[in-house]
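Structure below is upload-v5.pdb: PDB, C-alpha atoms.
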```pdb
ATOM      1  CA  MET A   1      15.156  15.444  17.244
ATOM      2  CA  SER A   2      14.548  12.268  15.286
ATOM      3  CA  ALA A   3      11.919   9.717  16.197
ATOM      4  CA  PRO A   4      13.191   6.567  17.852
ATOM      5  CA  SER A   5      13.909   3.822  15.394
ATOM      6  CA  VAL A   6      11.500   0.907  15.485
ATOM      7  CA  PHE A   7      12.805  -2.567  14.758
ATOM      8  CA  ASP A   8      10.389  -4.384  12.546
ATOM      9  CA  PRO A   9      11.138  -7.816  11.140
ATOM     10  CA  LEU A  10       8.504  -7.215   8.472
ATOM     11  CA  ALA A  11      10.389  -4.238   7.036
ATOM     12  CA  GLY A  12      12.656  -6.602   5.104
ATOM     13  CA  GLN A  13       9.663  -8.388   3.633
ATOM     14  CA  LEU A  14       8.227  -5.020   2.699
ATOM     15  CA  ARG A  15      11.386  -4.148   0.745
ATOM     16  CA  ARG A  16      11.032  -7.403  -1.164
ATOM     17  CA  LEU A  17       7.341  -6.739  -1.674
ATOM     18  CA  ALA A  18       8.207  -3.347  -3.152
ATOM     19  CA  ARG A  19      10.296  -5.144  -5.780
ATOM     20  CA  GLY A  20       7.296  -7.267  -6.724
ATOM     21  CA  ASP A  21       8.478 -10.402  -4.930
ATOM     22  CA  ARG A  22       5.490 -12.792  -4.927
ATOM     23  CA  ALA A  23       6.923 -14.925  -2.110
ATOM     24  CA  ALA A  24       7.229 -11.820   0.055
ATOM     25  CA  ALA A  25       3.613 -10.996  -0.771
ATOM     26  CA  ALA A  26       2.524 -14.402   0.494
ATOM     27  CA  THR A  27       4.619 -13.973   3.641
ATOM     28  CA  VAL A  28       3.158 -10.544   4.356
ATOM     29  CA  VAL A  29      -0.404 -11.797   3.839
ATOM     30  CA  ALA A  30       0.217 -14.765   6.135
ATOM     31  CA  ALA A  31       1.762 -12.548   8.804
ATOM     32  CA  LEU A  32      -0.647  -9.628   8.693
ATOM     33  CA  GLY A  33      -3.795 -10.877   7.004
ATOM     34  CA  PRO A  34      -5.405 -12.778   9.905
ATOM     35  CA  ARG A  35      -5.345  -9.904  12.376
ATOM     36  CA  ALA A  36      -6.319  -7.336   9.750
ATOM     37  CA  HIS A  37      -9.292  -9.501   8.839
ATOM     38  CA  ARG A  38     -10.283 -10.070  12.480
ATOM     39  CA  ILE A  39     -10.211  -6.359  13.302
ATOM     40  CA  ALA A  40     -12.260  -5.541  10.213
ATOM     41  CA  TRP A  41     -14.777  -8.262  11.000
ATOM     42  CA  ARG A  42     -15.222  -7.175  14.607
ATOM     43  CA  LEU A  43     -15.772  -3.577  13.539
ATOM     44  CA  LEU A  44     -18.051  -4.304  10.573
ATOM     45  CA  ARG A  45     -19.664  -7.613  11.630
ATOM     46  CA  ASN A  46     -19.866  -8.718   8.023
ATOM     47  CA  ASP A  47     -17.758 -11.382   6.324
ATOM     48  CA  ALA A  48     -17.684  -9.860   2.843
ATOM     49  CA  ASP A  49     -17.013  -6.330   4.059
ATOM     50  CA  ALA A  50     -14.259  -7.539   6.370
ATOM     51  CA  GLU A  51     -12.567  -9.416   3.534
ATOM     52  CA  GLU A  52     -12.780  -6.393   1.236
ATOM     53  CA  VAL A  53     -11.294  -4.112   3.865
ATOM     54  CA  ALA A  54      -8.456  -6.512   4.670
ATOM     55  CA  GLN A  55      -7.758  -6.878   0.957
ATOM     56  CA  GLU A  56      -7.782  -3.142   0.361
ATOM     57  CA  ALA A  57      -5.475  -2.545   3.319
ATOM     58  CA  LEU A  58      -2.966  -5.137   2.085
ATOM     59  CA  ILE A  59      -2.982  -3.619  -1.397
ATOM     60  CA  ARG A  60      -2.402  -0.182   0.104
ATOM     61  CA  LEU A  61       0.508  -1.607   2.079
ATOM     62  CA  TRP A  62       2.027  -2.997  -1.116
ATOM     63  CA  LYS A  63       1.594   0.368  -2.827
ATOM     64  CA  ALA A  64       3.199   2.137   0.131
ATOM     65  CA  ALA A  65       6.079  -0.352   0.262
ATOM     66  CA  PRO A  66       8.430   1.490  -2.180
ATOM     67  CA  ASP A  67       8.289   4.630  -0.035
ATOM     68  CA  TRP A  68       8.435   2.827   3.290
ATOM     69  CA  VAL A  69      10.984   4.313   5.684
ATOM     70  CA  ALA A  70      12.245   1.519   7.905
ATOM     71  CA  GLY A  71      12.346   2.369  11.582
ATOM     72  CA  ARG A  72       9.758   5.122  11.457
ATOM     73  CA  ALA A  73       6.759   2.961  12.299
ATOM     74  CA  ARG A  74       5.820  -0.679  12.618
ATOM     75  CA  VAL A  75       4.300  -2.184   9.511
ATOM     76  CA  GLU A  76       1.603  -3.864  11.562
ATOM     77  CA  THR A  77       0.562  -0.631  13.280
ATOM     78  CA  TRP A  78       0.362   1.126   9.928
ATOM     79  CA  LEU A  79      -1.814  -1.660   8.523
ATOM     80  CA  HIS A  80      -4.137  -1.714  11.538
ATOM     81  CA  THR A  81      -4.583   2.030  11.204
ATOM     82  CA  VAL A  82      -5.563   1.640   7.562
ATOM     83  CA  VAL A  83      -7.952  -1.204   8.397
ATOM     84  CA  THR A  84      -9.613   0.782  11.181
ATOM     85  CA  ASN A  85      -9.977   3.895   9.061
ATOM     86  CA  LEU A  86     -11.382   1.907   6.137
ATOM     87  CA  CYS A  87     -13.929   0.371   8.500
ATOM     88  CA  PHE A  88     -14.917   3.771   9.885
ATOM     89  CA  ASP A  89     -15.263   5.084   6.311
ATOM     90  CA  ARG A  90     -17.572   2.212   5.421
ATOM     91  CA  LEU A  91     -19.660   2.714   8.523
ATOM     92  CA  ARG A  92     -19.944   6.438   7.758
ATOM     93  CA  LYS A  93     -20.981   5.806   4.160
ATOM     94  CA  ALA A  94     -23.583   3.333   5.339
ATOM     95  CA  GLY A  95     -24.802   5.819   7.933
ATOM     96  CA  ARG A  96     -23.905   3.325  10.646
ATOM     97  CA  PHE A  97     -21.007   5.163  12.228
ATOM     98  CA  ILE A  98     -21.705   6.078  15.842
ATOM     99  CA  ASP A  99     -19.387   8.780  17.043
ATOM    100  CA  GLY A 100     -18.567   8.526  20.721
ATOM    101  CA  ALA A 101     -19.055  12.266  21.098
ATOM    102  CA  GLU A 102     -22.577  12.010  19.749
ATOM    103  CA  ALA A 103     -23.587   8.924  21.611
ATOM    104  CA  PRO A 104     -24.979   9.709  25.047
ATOM    105  CA  GLU A 105     -23.747   7.761  28.019
ATOM    106  CA  PRO A 106     -26.382   5.319  29.194
ATOM    107  CA  ALA A 107     -28.647   7.078  31.634
ATOM    108  CA  ASP A 108     -29.016   4.001  33.746
ATOM    109  CA  GLU A 109     -27.906   0.450  33.680
ATOM    110  CA  THR A 110     -31.075  -0.825  32.090
ATOM    111  CA  ALA A 111     -31.075   1.420  29.036
ATOM    112  CA  LEU A 112     -28.880  -0.742  26.838
ATOM    113  CA  ALA A 113     -29.804  -3.886  28.642
ATOM    114  CA  ASP A 114     -33.285  -3.597  27.152
ATOM    115  CA  MET A 115     -31.718  -3.779  23.710
ATOM    116  CA  VAL A 116     -30.228  -7.166  24.332
ATOM    117  CA  LEU A 117     -33.149  -8.823  26.064
ATOM    118  CA  VAL A 118     -34.349 -10.061  22.724
ATOM    119  CA  ALA A 119     -31.111 -11.932  22.180
ATOM    120  CA  GLY A 120     -31.407 -15.589  22.728
ATOM    121  CA  ASP A 121     -28.162 -16.613  24.333
ATOM    122  CA  THR A 122     -25.073 -15.287  26.029
ATOM    123  CA  ARG A 123     -23.086 -14.817  22.871
ATOM    124  CA  ALA A 124     -25.866 -12.971  21.103
ATOM    125  CA  ARG A 125     -26.316 -10.670  24.080
ATOM    126  CA  VAL A 126     -22.637  -9.823  24.243
ATOM    127  CA  ASP A 127     -22.524  -9.345  20.464
ATOM    128  CA  ALA A 128     -25.474  -6.998  20.613
ATOM    129  CA  ALA A 129     -23.930  -5.006  23.449
ATOM    130  CA  LEU A 130     -20.684  -4.668  21.498
ATOM    131  CA  ALA A 131     -22.541  -3.680  18.336
ATOM    132  CA  ALA A 132     -24.387  -0.947  20.217
ATOM    133  CA  LEU A 133     -21.158   0.728  21.319
ATOM    134  CA  PRO A 134     -19.950   3.911  19.619
ATOM    135  CA  ASP A 135     -17.491   2.784  16.959
ATOM    136  CA  ARG A 136     -14.332   4.288  18.410
ATOM    137  CA  GLN A 137     -15.113   2.742  21.786
ATOM    138  CA  ARG A 138     -15.715  -0.599  20.122
ATOM    139  CA  ALA A 139     -12.461  -0.231  18.182
ATOM    140  CA  ALA A 140     -10.581   0.493  21.399
ATOM    141  CA  ILE A 141     -12.017  -2.654  22.986
ATOM    142  CA  VAL A 142     -11.392  -4.741  19.867
ATOM    143  CA  LEU A 143      -7.759  -3.642  19.670
ATOM    144  CA  THR A 144      -6.926  -4.015  23.337
ATOM    145  CA  HIS A 145      -9.176  -6.822  24.543
ATOM    146  CA  PHE A 146      -9.598  -9.040  21.497
ATOM    147  CA  GLU A 147      -6.267  -8.338  19.791
ATOM    148  CA  ASP A 148      -4.185  -7.765  22.915
ATOM    149  CA  LEU A 149      -2.463  -4.709  21.482
ATOM    150  CA  PRO A 150      -0.538  -2.567  23.963
ATOM    151  CA  ALA A 151      -2.187   0.755  24.795
ATOM    152  CA  VAL A 152       0.520   2.697  22.962
ATOM    153  CA  GLU A 153      -0.077   0.783  19.754
ATOM    154  CA  ALA A 154      -3.865   0.830  20.032
ATOM    155  CA  GLY A 155      -3.688   4.562  20.630
ATOM    156  CA  ALA A 156      -1.469   4.974  17.571
ATOM    157  CA  VAL A 157      -3.943   3.002  15.478
ATOM    158  CA  LEU A 158      -6.805   5.231  16.580
ATOM    159  CA  GLY A 159      -4.686   8.355  16.362
ATOM    160  CA  VAL A 160      -5.095   9.231  20.037
ATOM    161  CA  SER A 161      -2.885   9.443  23.088
ATOM    162  CA  VAL A 162      -2.750   6.653  25.623
ATOM    163  CA  GLU A 163      -4.833   8.788  27.983
ATOM    164  CA  ALA A 164      -7.489   9.294  25.328
ATOM    165  CA  LEU A 165      -7.463   5.579  24.590
ATOM    166  CA  GLU A 166      -7.954   4.787  28.270
ATOM    167  CA  SER A 167     -10.891   7.183  28.256
ATOM    168  CA  LEU A 168     -12.426   5.430  25.242
ATOM    169  CA  LEU A 169     -11.916   2.078  26.966
ATOM    170  CA  ALA A 170     -13.416   3.270  30.224
ATOM    171  CA  ARG A 171     -16.520   4.616  28.494
ATOM    172  CA  GLY A 172     -16.853   1.478  26.409
ATOM    173  CA  ARG A 173     -16.563  -0.818  29.381
ATOM    174  CA  ARG A 174     -19.052   1.282  31.320
ATOM    175  CA  ALA A 175     -21.547   1.020  28.489
ATOM    176  CA  LEU A 176     -21.022  -2.723  28.212
ATOM    177  CA  ARG A 177     -21.516  -3.219  31.908
ATOM    178  CA  ALA A 178     -24.684  -1.210  31.699
ATOM    179  CA  ALA A 179     -25.882  -3.283  28.772
ATOM    180  CA  LEU A 180     -25.116  -6.584  30.384
ATOM    181  CA  VAL A 181     -25.771  -5.947  34.046
ATOM    182  CA  ALA A 182     -29.246  -7.373  33.995
ATOM    183  CA  GLU A 183     -27.931 -10.620  32.633
ATOM    184  CA  LYS A 184     -24.567 -10.588  34.318
ATOM    185  CA  SER A 185     -25.342 -13.070  37.042
ATOM    186  CA  GLU A 186     -27.189 -15.314  34.668
ATOM    187  CA  LEU A 187     -24.479 -15.069  32.040
ATOM    188  CA  LEU A 188     -21.669 -15.707  34.470
ATOM    189  CA  ALA A 189     -23.579 -18.641  35.910
ATOM    190  CA  SER A 190     -24.003 -20.061  32.422
ATOM    191  CA  LEU A 191     -20.303 -19.549  31.816
ATOM    192  CA  GLY A 192     -19.504 -21.353  35.004
ATOM    193  CA  ALA A 193     -21.789 -24.208  34.061
ATOM    194  CA  GLY A 194     -20.909 -24.461  30.403
ATOM    195  CA  GLY A 195     -17.378 -23.044  30.398
ATOM    196  CA  ALA A 196     -16.246 -20.062  28.430
ATOM    197  CA  ARG A 197     -15.627 -20.487  24.733
TER     198      ARG A 197
ATOM    199  CA  MET B   1      -4.957  -3.699  29.791
ATOM    200  CA  THR B   2      -7.774  -5.653  31.211
ATOM    201  CA  HIS B   3      -6.856  -8.704  29.260
ATOM    202  CA  HIS B   4      -3.418  -8.949  30.800
ATOM    203  CA  SER B   5      -4.596  -8.629  34.380
ATOM    204  CA  ALA B   6      -6.826 -11.161  36.071
ATOM    205  CA  PRO B   7      -9.915 -11.311  33.871
ATOM    206  CA  ASP B   8     -12.827  -9.490  35.427
ATOM    207  CA  GLU B   9     -16.446 -10.367  34.831
ATOM    208  CA  LEU B  10     -16.745  -8.097  31.844
ATOM    209  CA  SER B  11     -13.676  -9.604  30.212
ATOM    210  CA  ARG B  12     -15.105 -13.078  30.740
ATOM    211  CA  LEU B  13     -18.332 -11.956  29.118
ATOM    212  CA  LEU B  14     -16.474 -10.384  26.191
ATOM    213  CA  ASP B  15     -14.695 -13.662  25.626
ATOM    214  CA  THR B  16     -18.052 -15.218  24.823
ATOM    215  CA  ALA B  17     -18.591 -12.878  21.862
ATOM    216  CA  SER B  18     -18.824 -14.427  18.416
ATOM    217  CA  ALA B  19     -15.488 -15.306  16.919
ATOM    218  CA  PRO B  20     -14.676 -14.056  13.446
ATOM    219  CA  PRO B  21     -14.541 -16.596  10.637
ATOM    220  CA  ALA B  22     -11.202 -17.999   9.556
ATOM    221  CA  PRO B  23      -9.303 -15.394   7.566
ATOM    222  CA  PRO B  24      -9.528 -16.082   3.826
ATOM    223  CA  LEU B  25      -5.754 -16.014   3.386
ATOM    224  CA  ASP B  26      -5.822 -17.748   0.016
ATOM    225  CA  ARG B  27      -8.167 -15.143  -1.408
ATOM    226  CA  LEU B  28      -6.263 -12.281   0.209
ATOM    227  CA  SER B  29      -3.033 -13.609  -1.293
ATOM    228  CA  ALA B  30      -4.656 -14.100  -4.673
ATOM    229  CA  GLY B  31      -6.108 -10.582  -4.535
ATOM    230  CA  LEU B  32      -2.755  -9.024  -3.742
ATOM    231  CA  GLU B  33      -1.027 -10.995  -6.475
ATOM    232  CA  ALA B  34      -3.742  -9.994  -8.932
ATOM    233  CA  ALA B  35      -3.116  -6.345  -8.090
ATOM    234  CA  MET B  36       0.620  -6.868  -8.605
ATOM    235  CA  ARG B  37       0.022  -8.581 -11.951
ATOM    236  CA  GLU B  38      -2.293  -5.780 -13.023
ATOM    237  CA  GLN B  39       0.393  -3.237 -12.301
ATOM    238  CA  ASP B  40       2.931  -5.318 -14.248
ATOM    239  CA  ARG B  41       0.503  -5.457 -17.159
ATOM    240  CA  LYS B  42      -0.027  -1.700 -17.072
ATOM    241  CA  ARG B  43       3.697  -1.048 -16.919
ATOM    242  CA  ARG B  44       4.606  -3.407 -19.762
ATOM    243  CA  PRO B  45       3.142  -1.418 -22.692
ATOM    244  CA  VAL B  46       4.863   1.690 -21.420
ATOM    245  CA  GLY B  47       8.109  -0.250 -21.268
ATOM    246  CA  ARG B  48       7.548  -1.521 -24.750
ATOM    247  CA  THR B  49       6.884   1.961 -26.053
ATOM    248  CA  TRP B  50       9.969   3.324 -24.416
ATOM    249  CA  GLY B  51      11.985   0.351 -25.609
ATOM    250  CA  ALA B  52      10.762   0.785 -29.158
ATOM    251  CA  ALA B  53      11.463   4.509 -29.063
ATOM    252  CA  LEU B  54      14.920   3.861 -27.691
ATOM    253  CA  ALA B  55      15.641   1.238 -30.337
ATOM    254  CA  ALA B  56      14.413   3.554 -33.095
ATOM    255  CA  SER B  57      16.548   6.379 -31.742
ATOM    256  CA  CYS B  58      19.561   4.106 -31.652
ATOM    257  CA  LEU B  59      18.964   3.042 -35.235
ATOM    258  CA  VAL B  60      18.597   6.634 -36.401
ATOM    259  CA  ALA B  61      21.726   7.642 -34.518
ATOM    260  CA  LEU B  62      23.619   4.679 -35.905
ATOM    261  CA  GLY B  63      22.496   5.497 -39.437
ATOM    262  CA  ALA B  64      23.431   9.136 -39.039
ATOM    263  CA  GLY B  65      26.784   8.144 -37.612
ATOM    264  CA  LEU B  66      27.511   5.805 -40.461
ATOM    265  CA  MET B  67      26.574   8.470 -43.017
ATOM    266  CA  TRP B  68      28.783  11.054 -41.321
ATOM    267  CA  GLN B  69      31.628   8.594 -41.100
ATOM    268  CA  ASN B  70      31.185   7.925 -44.807
ATOM    269  CA  VAL B  71      31.416  11.632 -45.564
ATOM    270  CA  LEU B  72      34.588  12.014 -43.511
ATOM    271  CA  THR B  73      36.414   8.963 -44.784
ATOM    272  CA  THR B  74      35.416   8.844 -48.410
ATOM    273  CA  PRO B  75      38.206  10.399 -50.534
ATOM    274  CA  PRO B  76      37.219  13.417 -52.614
ATOM    275  CA  ASP B  77      35.922  12.864 -56.076
ATOM    276  CA  THR B  78      39.345  12.305 -57.585
ATOM    277  CA  GLN B  79      38.151  12.480 -61.167
ATOM    278  CA  THR B  80      36.684  15.942 -60.691
ATOM    279  CA  PHE B  81      39.730  17.310 -58.910
ATOM    280  CA  SER B  82      41.982  15.587 -61.332
ATOM    281  CA  ASP B  83      40.135  17.270 -64.158
ATOM    282  CA  ALA B  84      40.462  20.610 -62.438
ATOM    283  CA  ASP B  85      44.170  20.070 -61.836
ATOM    284  CA  SER B  86      44.745  19.060 -65.369
ATOM    285  CA  PHE B  87      42.678  21.972 -66.569
ATOM    286  CA  ALA B  88      44.755  24.349 -64.428
ATOM    287  CA  SER B  89      47.999  22.862 -65.543
ATOM    288  CA  GLU B  90      46.861  22.919 -69.121
ATOM    289  CA  LEU B  91      45.848  26.545 -68.702
ATOM    290  CA  LEU B  92      49.195  27.390 -67.121
ATOM    291  CA  GLY B  93      50.964  25.485 -69.799
ATOM    292  CA  GLU B  94      49.125  27.336 -72.537
ATOM    293  CA  THR B  95      50.003  30.655 -70.916
ATOM    294  CA  GLU B  96      53.669  29.766 -70.724
ATOM    295  CA  LEU B  97      53.470  28.500 -74.215
ATOM    296  CA  ALA B  98      51.825  31.722 -75.292
ATOM    297  CA  GLU B  99      54.551  33.738 -73.632
ATOM    298  CA  VAL B 100      57.186  31.637 -75.260
ATOM    299  CA  GLN B 101      55.419  31.912 -78.543
ATOM    300  CA  THR B 102      55.066  35.680 -78.094
ATOM    301  CA  THR B 103      58.762  35.949 -77.366
ATOM    302  CA  GLU B 104      59.568  33.869 -80.290
ATOM    303  CA  ILE B 105      57.339  35.971 -82.526
ATOM    304  CA  SER B 106      58.778  39.273 -81.372
ATOM    305  CA  ASP B 107      62.266  37.999 -81.780
ATOM    306  CA  TRP B 108      61.464  36.841 -85.259
ATOM    307  CA  PRO B 109      63.468  38.668 -87.706
TER     308      PRO B 109
END
```

Take the structure I supplied and represent it as structure tokens, if you would.
Amino acid sequence: MSAPSVFDPLAGQLRRLARGDRAAAATVVAALGPRAHRIAWRLLRNDADAEEVAQEALIRLWKAAPDWVAGRARVETWLHTVVTNLCFDRLRKAGRFIDGAEAPEPADETALADMVLVAGDTRARVDAALAALPDRQRAAIVLTHFEDLPAVEAGAVLGVSVEALESLLARGRRALRAALVAEKSELLASLGAGGAR
Amino acid sequence: MTHHSAPDELSRLLDTASAPPAPPLDRLSAGLEAAMREQDRKRRPVGRTWGAALAASCLVALGAGLMWQNVLTTPPDTQTFSDADSFASELLGETELAEVQTTEISDWP
């Protein structure tokens, strides 16, 4: 049984890229670069690292272009998978990777909230809560919430089923709620007063 | 996905998170093109080597072909064969002459 064919408008650009077409390279970077960079930045929280990862992923895409089988997978999904894995590799090498299996669930709703009390404003508190998440949970939230990827695609990027992705999301959201509950009323009030960014 | 349904409180809070900087598309493009140029540069010497080897092979083959064609089409050394023919005919002639002479001698009264 063959896998269902996937229509991908970028597959044509990839064929041109494989032939060394510089215009196709620019098109691919313009189409895929922004999201690849955003995902990397949200996972690594570092401008230089995010740029390096996005660059490396695009170069890997170019190298994979000659062997690309159109219809097997979407180019974008493939690239997001590479970006995510490169980010996880960097976090592991830096000793910063937090595996969801190793990270205990918050015992109560104040455990992580204490971590963000030092933050000065709403944004910093939310950033800190996100940064404290296990990396796969954060990746699931980045892909689905910030990048609006469908669950099937986010699951494919993380190499898990939709059910497993939903589990990652549920745990991540639970941890975030726990981290932000103490400030929730205050934060929401400030949002109501100042408007969300 | 939470983002597609009515945003709950957590989603509203997440929307306040720091936004990533603008993607450095110019540098990403330049980096990709640099990698492509580097590969071109690495491939070129190999191409040159193969091209030179192919050209040298062609020249050798052409030279060998021309030499072989020369061997096949050049007429034999006519002087040498002519000498041999004349030598043979002279030899044959002398023999016949000798026989004639012998006959003539024996028949001599």

Selection: 7 Å around Gln55 of chain A, all atoms listed in the file, excl. self and same-chain fewer than 4 positions, as a PDB file with C-alpha atoms, keeping the file's coordinate frame:
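Generated file (result06.pdb):
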```pdb
ATOM      1  CA  GLU A  51     -12.567  -9.416   3.534  1.00  0.00           C
ATOM      2  CA  ILE A  59      -2.982  -3.619  -1.397  1.00  0.00           C
TER       3      ILE A  59
ATOM      4  CA  LEU B  28      -6.263 -12.281   0.209  1.00  0.00           C
ATOM      5  CA  GLY B  31      -6.108 -10.582  -4.535  1.00  0.00           C
TER       6      GLY B  31
END
```

Return as JSON lines the residues of segment 26-139 of chain A lying at most 10 Å from segment 163-169 of chain A, together with the closest atom-to-atom pair for each and the distance in Å to one decimal, counting all atoms listed in the file, with rows in chain order and ascending residue number.
```
{"residue": "A:Gly100", "atom": "CA", "partner": "A:Leu168", "partner_atom": "CA", "distance": 8.2}
{"residue": "A:Pro134", "atom": "CA", "partner": "A:Leu168", "partner_atom": "CA", "distance": 9.5}
{"residue": "A:Arg136", "atom": "CA", "partner": "A:Leu168", "partner_atom": "CA", "distance": 7.2}
{"residue": "A:Gln137", "atom": "CA", "partner": "A:Leu168", "partner_atom": "CA", "distance": 5.1}
{"residue": "A:Arg138", "atom": "CA", "partner": "A:Leu169", "partner_atom": "CA", "distance": 8.3}
{"residue": "A:Ala139", "atom": "CA", "partner": "A:Leu168", "partner_atom": "CA", "distance": 9.0}
```

Report as a PDB file with C-alpha atoms, keeping the file's coordinate frame the residues that result from applying the PyMOL selection byres ((chain A and resi 140-142) around 10) to the structure here.
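Result file follows (result-v4.pdb):
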```pdb
ATOM      1  CA  ARG A  38     -10.283 -10.070  12.480  1.00  0.00           C
ATOM      2  CA  ILE A  39     -10.211  -6.359  13.302  1.00  0.00           C
ATOM      3  CA  ALA A  40     -12.260  -5.541  10.213  1.00  0.00           C
ATOM      4  CA  ARG A  42     -15.222  -7.175  14.607  1.00  0.00           C
ATOM      5  CA  LEU A  43     -15.772  -3.577  13.539  1.00  0.00           C
ATOM      6  CA  LEU A 130     -20.684  -4.668  21.498  1.00  0.00           C
ATOM      7  CA  LEU A 133     -21.158   0.728  21.319  1.00  0.00           C
ATOM      8  CA  ASP A 135     -17.491   2.784  16.959  1.00  0.00           C
ATOM      9  CA  ARG A 136     -14.332   4.288  18.410  1.00  0.00           C
ATOM     10  CA  GLN A 137     -15.113   2.742  21.786  1.00  0.00           C
ATOM     11  CA  ARG A 138     -15.715  -0.599  20.122  1.00  0.00           C
ATOM     12  CA  ALA A 139     -12.461  -0.231  18.182  1.00  0.00           C
ATOM     13  CA  LEU A 143      -7.759  -3.642  19.670  1.00  0.00           C
ATOM     14  CA  THR A 144      -6.926  -4.015  23.337  1.00  0.00           C
ATOM     15  CA  HIS A 145      -9.176  -6.822  24.543  1.00  0.00           C
ATOM     16  CA  PHE A 146      -9.598  -9.040  21.497  1.00  0.00           C
ATOM     17  CA  GLU A 147      -6.267  -8.338  19.791  1.00  0.00           C
ATOM     18  CA  ASP A 148      -4.185  -7.765  22.915  1.00  0.00           C
ATOM     19  CA  LEU A 149      -2.463  -4.709  21.482  1.00  0.00           C
ATOM     20  CA  ALA A 151      -2.187   0.755  24.795  1.00  0.00           C
ATOM     21  CA  ALA A 154      -3.865   0.830  20.032  1.00  0.00           C
ATOM     22  CA  GLY A 155      -3.688   4.562  20.630  1.00  0.00           C
ATOM     23  CA  VAL A 157      -3.943   3.002  15.478  1.00  0.00           C
ATOM     24  CA  LEU A 158      -6.805   5.231  16.580  1.00  0.00           C
ATOM     25  CA  LEU A 165      -7.463   5.579  24.590  1.00  0.00           C
ATOM     26  CA  GLU A 166      -7.954   4.787  28.270  1.00  0.00           C
ATOM     27  CA  SER A 167     -10.891   7.183  28.256  1.00  0.00           C
ATOM     28  CA  LEU A 168     -12.426   5.430  25.242  1.00  0.00           C
ATOM     29  CA  LEU A 169     -11.916   2.078  26.966  1.00  0.00           C
ATOM     30  CA  ALA A 170     -13.416   3.270  30.224  1.00  0.00           C
ATOM     31  CA  GLY A 172     -16.853   1.478  26.409  1.00  0.00           C
ATOM     32  CA  ARG A 173     -16.563  -0.818  29.381  1.00  0.00           C
TER      33      ARG A 173
ATOM     34  CA  MET B   1      -4.957  -3.699  29.791  1.00  0.00           C
ATOM     35  CA  THR B   2      -7.774  -5.653  31.211  1.00  0.00           C
ATOM     36  CA  LEU B  14     -16.474 -10.384  26.191  1.00  0.00           C
TER      37      LEU B  14
END
```

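Atom CA of Leu44 of chain A is found 25.4 Å from atom CA of Ala25 of chain A.
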
Problem set entry | Ground truth for the PyMOL selection byres ((chain B) within 7 of (chain A)), written as a ChimeraX atom specification | /B:1-3,10,13-18,20,23,25,28-29,31-33,36

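In this model, the gap between atom CA of Gln39 of chain B and atom CA of Arg19 of chain A comes to 12.0 Å.
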
For this session: Fewer than 4 positions away in the same chain doesn't count, so skip those; otherwise give me all residues within 12 Å of Asp89 of chain A, counting all atoms listed in the file, as a VMD selection string.
Result: chain A and resid 40 43 to 44 49 53 82 to 85 93 to 98 135

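Here atom CA of Val69 of chain A is placed at a distance of 16.7 Å from atom CA of Thr81 of chain A.
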
Reconstruct segment 131-142 of chain A at the level of N, CA and C atoms, and format the result as a PDB file, keeping the file's coordinate frame.
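So the final result, stored in selection_18.pdb, reads:
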```pdb
ATOM      1  N   ALA A 131     -22.099  -4.369  19.547  1.00  0.00           N
ATOM      2  CA  ALA A 131     -22.541  -3.680  18.336  1.00  0.00           C
ATOM      3  C   ALA A 131     -23.161  -2.325  18.652  1.00  0.00           C
ATOM      4  N   ALA A 132     -23.722  -2.201  19.853  1.00  0.00           N
ATOM      5  CA  ALA A 132     -24.387  -0.947  20.217  1.00  0.00           C
ATOM      6  C   ALA A 132     -23.398   0.125  20.674  1.00  0.00           C
ATOM      7  N   LEU A 133     -22.150  -0.253  20.860  1.00  0.00           N
ATOM      8  CA  LEU A 133     -21.158   0.728  21.319  1.00  0.00           C
ATOM      9  C   LEU A 133     -20.848   1.741  20.221  1.00  0.00           C
ATOM     10  N   PRO A 134     -20.511   2.985  20.611  1.00  0.00           N
ATOM     11  CA  PRO A 134     -19.950   3.911  19.619  1.00  0.00           C
ATOM     12  C   PRO A 134     -18.710   3.265  18.993  1.00  0.00           C
ATOM     13  N   ASP A 135     -18.489   3.551  17.708  1.00  0.00           N
ATOM     14  CA  ASP A 135     -17.491   2.784  16.959  1.00  0.00           C
ATOM     15  C   ASP A 135     -16.073   2.933  17.482  1.00  0.00           C
ATOM     16  N   ARG A 136     -15.701   4.125  17.912  1.00  0.00           N
ATOM     17  CA  ARG A 136     -14.332   4.288  18.410  1.00  0.00           C
ATOM     18  C   ARG A 136     -14.145   3.555  19.740  1.00  0.00           C
ATOM     19  N   GLN A 137     -15.200   3.507  20.537  1.00  0.00           N
ATOM     20  CA  GLN A 137     -15.113   2.742  21.786  1.00  0.00           C
ATOM     21  C   GLN A 137     -14.992   1.247  21.473  1.00  0.00           C
ATOM     22  N   ARG A 138     -15.795   0.815  20.499  1.00  0.00           N
ATOM     23  CA  ARG A 138     -15.715  -0.599  20.122  1.00  0.00           C
ATOM     24  C   ARG A 138     -14.334  -0.917  19.566  1.00  0.00           C
ATOM     25  N   ALA A 139     -13.798   0.006  18.741  1.00  0.00           N
ATOM     26  CA  ALA A 139     -12.461  -0.231  18.182  1.00  0.00           C
ATOM     27  C   ALA A 139     -11.421  -0.325  19.289  1.00  0.00           C
ATOM     28  N   ALA A 140     -11.545   0.537  20.291  1.00  0.00           N
ATOM     29  CA  ALA A 140     -10.581   0.493  21.399  1.00  0.00           C
ATOM     30  C   ALA A 140     -10.657  -0.856  22.112  1.00  0.00           C
ATOM     31  N   ILE A 141     -11.860  -1.360  22.307  1.00  0.00           N
ATOM     32  CA  ILE A 141     -12.017  -2.654  22.986  1.00  0.00           C
ATOM     33  C   ILE A 141     -11.547  -3.797  22.087  1.00  0.00           C
ATOM     34  N   VAL A 142     -11.846  -3.693  20.799  1.00  0.00           N
ATOM     35  CA  VAL A 142     -11.392  -4.741  19.867  1.00  0.00           C
ATOM     36  C   VAL A 142      -9.862  -4.819  19.861  1.00  0.00           C
TER      37      VAL A 142
END
```
